[in-house]
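Enquirer: One structure is given below, represented as structure tokens, and several questions about it will come after.
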Amino acid sequence: MAFDKNDKNIKNWRGIKRGSMLEDHKQKISLAKKGTPSWNKGLLGYRAGEQHHYYGKHRSEETKEKIRIANKGTMPPNFRKSLQWLKGKAKIRDDYTCRICGLREKEIMEVDHIIPNAIKPELYEDLDNLQTLCPNCHRRKTVGDRRLIFERRKLT
Ligand SMILES: [Zn+2]
């Protein structure tokens with residue numbers, strides 16, 4: 001028998017007809033799966049489909065725009081200048097240089113409240129009340145502040 005590469009009846013080493021395997025296989029799978037639920041049916045998790053709070057409530061672009069406008073100017077309070085942001089500002093203003101000893105080392109610089117928070121809490125987020133200090137001078141300043149606070153407490 002002559003070898004004909006187009007003869008679909010020639011079987012390969014697995015006993016499967018050449019060339020037709022893939023299609024046959026696919027058909028078998030799709031037939032077997034017909035009528036059976038998809039693998040993820042019932043597995044969609046918490047409040048899927050109709051139960052989901054967003055069901056049937058998809059916002060149109062127009063609605064989204066309305067929400068955007070409504071939210072304008074009503075930013076939550078934590079959007080205001082944070083202390084961290086102010087400290088960064090103070091360091092840049094002082095060019096990362098210690099105001100007491102003049103040391104300039106960007107990585108280690110700290111920001112101090114000139115008038116301590118315990119004395120004037122209203123100046124806590126005031127850039128003018130912040131100064132850049134090196135850790136050494138900061139420690140020394142804090143010790144002085146504590147004494148100051150202690151003395152004030154004794155007076156009042
Ligand atoms: Zn210093």
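Naming scheme: A, B, ... for chains in displayed order of the structure tokens; residues 1 onward per chain; ligands 1 onward as shown.
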Extract, using only C-alpha atoms, all DNA, RNA and protein residues at most 10 Å from A:Arg99, discarding same-chain residues fewer than 5 positions from it, and format them as a ChimeraX atom specification.

Expert: /A:94,104,131-134,137-138

Enquirer: Please write the residues from the selection above to a file, keeping C-alpha atoms, as a short mmCIF file (atom, residue, chain, number, x, y, z; two decimals), in the first residue's frame.

Expert:
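selection.cif written:
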```cif
data_model
loop_
_atom_site.label_atom_id
_atom_site.label_comp_id
_atom_site.auth_asym_id
_atom_site.auth_seq_id
_atom_site.Cartn_x
_atom_site.Cartn_y
_atom_site.Cartn_z
CA ASP A 94 16.06 75.86 54.91
CA ARG A 104 23.84 70.12 55.89
CA GLN A 131 12.77 74.83 61.37
CA THR A 132 15.26 72.35 60.00
CA LEU A 133 17.61 70.89 62.58
CA CYS A 134 20.17 68.12 62.58
CA CYS A 137 20.54 69.95 67.74
CA HIS A 138 16.98 68.66 67.58
#
```

Enquirer: Taking only C-alpha atoms and all ligand atoms into account, name the residue in A:Asp128, A:Thr142, A:Leu103, A:Arg147 that is nearest to ligand 1.

Expert: A:Leu103

Enquirer: Return the single residue from A:Met109, A:Leu22, A:Ile29, A:Ile92 that is closest to ligand 1, with distances computed using only C-alpha atoms and all ligand atoms.

Expert: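 The answer is A:Met109, which sits nearest to ligand 1.
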
Enquirer: Could you give me, as an NGL selection string, the residues within 12 Å of A:Lys89, counting only C-alpha atoms and dropping anything in the same chain fewer than 3 positions from it?

Expert: :A and (81-86 or 92-96 or 110-111 or 125-132)

Enquirer: For the residues in the current selection, export C-alpha atoms as an mmCIF file, in the first residue's frame.

Expert:
```
data_model
loop_
_atom_site.group_PDB
_atom_site.id
_atom_site.type_symbol
_atom_site.label_atom_id
_atom_site.label_comp_id
_atom_site.auth_asym_id
_atom_site.auth_seq_id
_atom_site.Cartn_x
_atom_site.Cartn_y
_atom_site.Cartn_z
ATOM 1 C CA LYS A 81 -1.710 70.256 53.813
ATOM 2 C CA SER A 82 -0.449 67.442 55.966
ATOM 3 C CA LEU A 83 2.333 67.949 58.485
ATOM 4 C CA GLN A 84 4.513 65.608 56.472
ATOM 5 C CA TRP A 85 4.095 67.840 53.442
ATOM 6 C CA LEU A 86 4.868 70.962 55.506
ATOM 7 C CA ILE A 92 13.537 72.785 51.179
ATOM 8 C CA ARG A 93 13.152 76.328 52.497
ATOM 9 C CA ASP A 94 16.062 75.861 54.910
ATOM 10 C CA ASP A 95 18.052 74.046 52.200
ATOM 11 C CA TYR A 96 18.448 70.983 54.441
ATOM 12 C CA GLU A 110 14.727 66.667 61.011
ATOM 13 C CA VAL A 111 12.075 69.326 61.326
ATOM 14 C CA GLU A 125 0.771 73.220 61.082
ATOM 15 C CA ASP A 126 2.360 76.618 60.564
ATOM 16 C CA LEU A 127 5.310 76.566 58.194
ATOM 17 C CA ASP A 128 6.781 79.634 59.928
ATOM 18 C CA ASN A 129 6.933 77.678 63.160
ATOM 19 C CA LEU A 130 9.009 74.917 61.591
ATOM 20 C CA GLN A 131 12.775 74.833 61.372
ATOM 21 C CA THR A 132 15.261 72.347 59.997
#
```

Enquirer: Compare A:Pro135, A:Pro121, A:Pro116, A:Gly35 by their minimum atom-to-atom distance to ligand 1, counting only C-alpha atoms and all ligand atoms, and give me the closest one.

Expert: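 Going through A:Pro135, A:Pro121, A:Pro116, A:Gly35 one by one, the smallest distance to ligand 1 is for A:Pro135.
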
Enquirer: Using only C-alpha atoms and all ligand atoms, find the one residue out of A:Ile108, A:His113, A:Gly102, A:Leu155 that sits nearest to ligand 1.

Expert: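 So, comparing all the options, the nearest one is A:Gly102.
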
Enquirer: Hey, which of A:Leu31, A:Ala118, A:Ile100, A:Ala70 ends up closest to ligand 1? Count only C-alpha atoms and all ligand atoms.

Expert: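 The shortest atom-to-atom distance to ligand 1 comes from A:Ile100.
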